[in-house]
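A.B. asks: Below is the structure I would like to discuss, written out as C-alpha cells.
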Amino acid sequence: MRSRRAAIWARIILIVAGLGVAGFLYAFPLYWLVATSLKGKAELYQSITLFPRHPTLQPYYSVLFDRGFWVLL
C-alpha cells in the first residue's frame with residue numbers, strides 16, 4: 001500500500017514538473033516579445049538582457065503615429 005502511494009505521488013510530481021516546463025517553454029517567447037518591444041533602438045543592438053534597462057513606449061508610438069499605421073487599416 002505504501003509503495004503504491006509513493007508511486008502515485010511520484011507520478012503527480014512528474015506531471016506537475018512536466019507541465020511547469022511546458023508552461024515555461026510556452027510563456028518565455030511571449031515574455032521575450034513584450035520585453036523586446038519595450039526596448040529602444042540603441043538598446044536592441046546592445047548585449048542581450050532579460051529585462052530592458054530603460055523601458056519605453058516609443059516603438060509603439062513610432063509605429064502607430066509616425067509611420068502611418070492607421071492609414072493602412
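Labels for the C-alpha cells follow display order: chains A, B, ..., residues from 1 in each chain, ligands from 1.
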As a list in words, please: the residues near Gly40 in chain A (cut-off 8 Å, only C-alpha atoms, same-chain neighbours under 2 positions excluded).
C.D. replies: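 Surrounding residues, per the criterion: Leu38, Ala42, Glu43, Leu44, His54, Pro55, Thr56, Gln58 and Pro59 of chain A.
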A.B. asks: Write the selection just made, keeping N, CA and C atoms, as a PDB file, in the first residue's frame?
C.D. replies:
```
ATOM      1  N   LEU A  38       9.678  46.717 -25.699  1.00  0.00           N
ATOM      2  CA  LEU A  38       9.813  47.871 -24.811  1.00  0.00           C
ATOM      3  C   LEU A  38      11.215  48.471 -24.825  1.00  0.00           C
ATOM      4  N   ALA A  42      18.617  51.794 -29.735  1.00  0.00           N
ATOM      5  CA  ALA A  42      20.004  51.604 -29.305  1.00  0.00           C
ATOM      6  C   ALA A  42      20.140  50.375 -28.419  1.00  0.00           C
ATOM      7  N   GLU A  43      19.174  50.147 -27.568  1.00  0.00           N
ATOM      8  CA  GLU A  43      19.253  49.019 -26.637  1.00  0.00           C
ATOM      9  C   GLU A  43      19.039  47.684 -27.342  1.00  0.00           C
ATOM     10  N   LEU A  44      18.351  47.697 -28.476  1.00  0.00           N
ATOM     11  CA  LEU A  44      18.121  46.452 -29.220  1.00  0.00           C
ATOM     12  C   LEU A  44      19.424  45.816 -29.684  1.00  0.00           C
ATOM     13  N   HIS A  54      16.029  50.442 -19.861  1.00  0.00           N
ATOM     14  CA  HIS A  54      15.239  51.673 -19.894  1.00  0.00           C
ATOM     15  C   HIS A  54      13.995  51.414 -20.743  1.00  0.00           C
ATOM     16  N   PRO A  55      12.960  50.811 -20.164  1.00  0.00           N
ATOM     17  CA  PRO A  55      11.769  50.507 -20.956  1.00  0.00           C
ATOM     18  C   PRO A  55      11.092  51.785 -21.452  1.00  0.00           C
ATOM     19  N   THR A  56      10.611  51.734 -22.676  1.00  0.00           N
ATOM     20  CA  THR A  56       9.968  52.887 -23.280  1.00  0.00           C
ATOM     21  C   THR A  56       8.837  52.430 -24.192  1.00  0.00           C
ATOM     22  N   GLN A  58       8.171  54.267 -26.848  1.00  0.00           N
ATOM     23  CA  GLN A  58       8.489  54.966 -28.088  1.00  0.00           C
ATOM     24  C   GLN A  58       8.318  54.083 -29.329  1.00  0.00           C
ATOM     25  N   PRO A  59       8.704  52.813 -29.326  1.00  0.00           N
ATOM     26  CA  PRO A  59       8.474  51.997 -30.526  1.00  0.00           C
ATOM     27  C   PRO A  59       6.993  51.888 -30.894  1.00  0.00           C
TER      28      PRO A  59
END
```
A.B. asks: Could you pull out the alpha helix (DSSP H) residues of range 2-73 of chain A, going by DSSP on the backbone, and write them as JSON, numbers by chain?
C.D. replies: {"A": [2, 3, 4, 5, 6, 7, 8, 9, 10, 11, 12, 13, 14, 15, 16, 17, 18, 19, 20, 21, 22, 23, 24, 25, 26, 27, 28, 29, 30, 31, 32, 33, 34, 35, 36, 37, 41, 42, 43, 44, 58, 59, 60, 61, 69, 70, 71, 72]}
A.B. asks: Take the residues just selected and output them with C-alpha atoms as a PDB file, in the first residue's frame.
C.D. replies:
```pdb
ATOM      1  CA  ARG A   2       2.800   2.388   0.889  1.00  0.00           C
ATOM      2  CA  SER A   3       4.684   1.760  -2.357  1.00  0.00           C
ATOM      3  CA  ARG A   4       1.511   2.376  -4.347  1.00  0.00           C
ATOM      4  CA  ARG A   5       1.036   5.777  -2.674  1.00  0.00           C
ATOM      5  CA  ALA A   6       4.661   6.634  -3.325  1.00  0.00           C
ATOM      6  CA  ALA A   7       4.232   5.707  -6.980  1.00  0.00           C
ATOM      7  CA  ILE A   8       1.126   7.882  -7.247  1.00  0.00           C
ATOM      8  CA  TRP A   9       2.912  10.841  -5.636  1.00  0.00           C
ATOM      9  CA  ALA A  10       5.931  10.369  -7.882  1.00  0.00           C
ATOM     10  CA  ARG A  11       3.655  10.359 -10.917  1.00  0.00           C
ATOM     11  CA  ILE A  12       1.867  13.513  -9.750  1.00  0.00           C
ATOM     12  CA  ILE A  13       5.192  15.257  -9.160  1.00  0.00           C
ATOM     13  CA  LEU A  14       6.424  14.279 -12.628  1.00  0.00           C
ATOM     14  CA  ILE A  15       3.216  15.519 -14.244  1.00  0.00           C
ATOM     15  CA  VAL A  16       3.360  18.843 -12.407  1.00  0.00           C
ATOM     16  CA  ALA A  17       7.052  19.273 -13.245  1.00  0.00           C
ATOM     17  CA  GLY A  18       6.381  18.453 -16.895  1.00  0.00           C
ATOM     18  CA  LEU A  19       3.524  20.932 -17.042  1.00  0.00           C
ATOM     19  CA  GLY A  20       5.749  23.546 -15.400  1.00  0.00           C
ATOM     20  CA  VAL A  21       8.462  23.049 -18.017  1.00  0.00           C
ATOM     21  CA  ALA A  22       5.898  23.112 -20.834  1.00  0.00           C
ATOM     22  CA  GLY A  23       4.364  26.288 -19.410  1.00  0.00           C
ATOM     23  CA  PHE A  24       7.769  27.956 -19.241  1.00  0.00           C
ATOM     24  CA  LEU A  25       8.589  26.932 -22.817  1.00  0.00           C
ATOM     25  CA  TYR A  26       5.265  28.372 -23.940  1.00  0.00           C
ATOM     26  CA  ALA A  27       5.400  31.609 -21.942  1.00  0.00           C
ATOM     27  CA  PHE A  28       9.056  32.592 -22.401  1.00  0.00           C
ATOM     28  CA  PRO A  29       8.785  33.543 -26.103  1.00  0.00           C
ATOM     29  CA  LEU A  30       5.754  35.703 -25.292  1.00  0.00           C
ATOM     30  CA  TYR A  31       7.690  37.390 -22.495  1.00  0.00           C
ATOM     31  CA  TRP A  32      10.664  37.903 -24.824  1.00  0.00           C
ATOM     32  CA  LEU A  33       8.372  39.506 -27.417  1.00  0.00           C
ATOM     33  CA  VAL A  34       6.969  42.003 -24.911  1.00  0.00           C
ATOM     34  CA  ALA A  35      10.343  42.732 -23.282  1.00  0.00           C
ATOM     35  CA  THR A  36      11.987  43.346 -26.654  1.00  0.00           C
ATOM     36  CA  SER A  37       9.160  45.599 -27.789  1.00  0.00           C
ATOM     37  CA  LYS A  41      16.622  51.210 -30.975  1.00  0.00           C
ATOM     38  CA  ALA A  42      20.004  51.604 -29.305  1.00  0.00           C
ATOM     39  CA  GLU A  43      19.253  49.019 -26.637  1.00  0.00           C
ATOM     40  CA  LEU A  44      18.121  46.452 -29.220  1.00  0.00           C
ATOM     41  CA  GLN A  58       8.489  54.966 -28.088  1.00  0.00           C
ATOM     42  CA  PRO A  59       8.474  51.997 -30.526  1.00  0.00           C
ATOM     43  CA  TYR A  60       4.673  51.740 -30.198  1.00  0.00           C
ATOM     44  CA  TYR A  61       4.278  55.479 -30.699  1.00  0.00           C
ATOM     45  CA  PHE A  69      -0.162  52.589 -39.351  1.00  0.00           C
ATOM     46  CA  TRP A  70      -3.728  53.875 -39.012  1.00  0.00           C
ATOM     47  CA  VAL A  71      -3.823  54.717 -42.739  1.00  0.00           C
ATOM     48  CA  LEU A  72      -3.311  51.044 -43.586  1.00  0.00           C
TER      49      LEU A  72
END
```
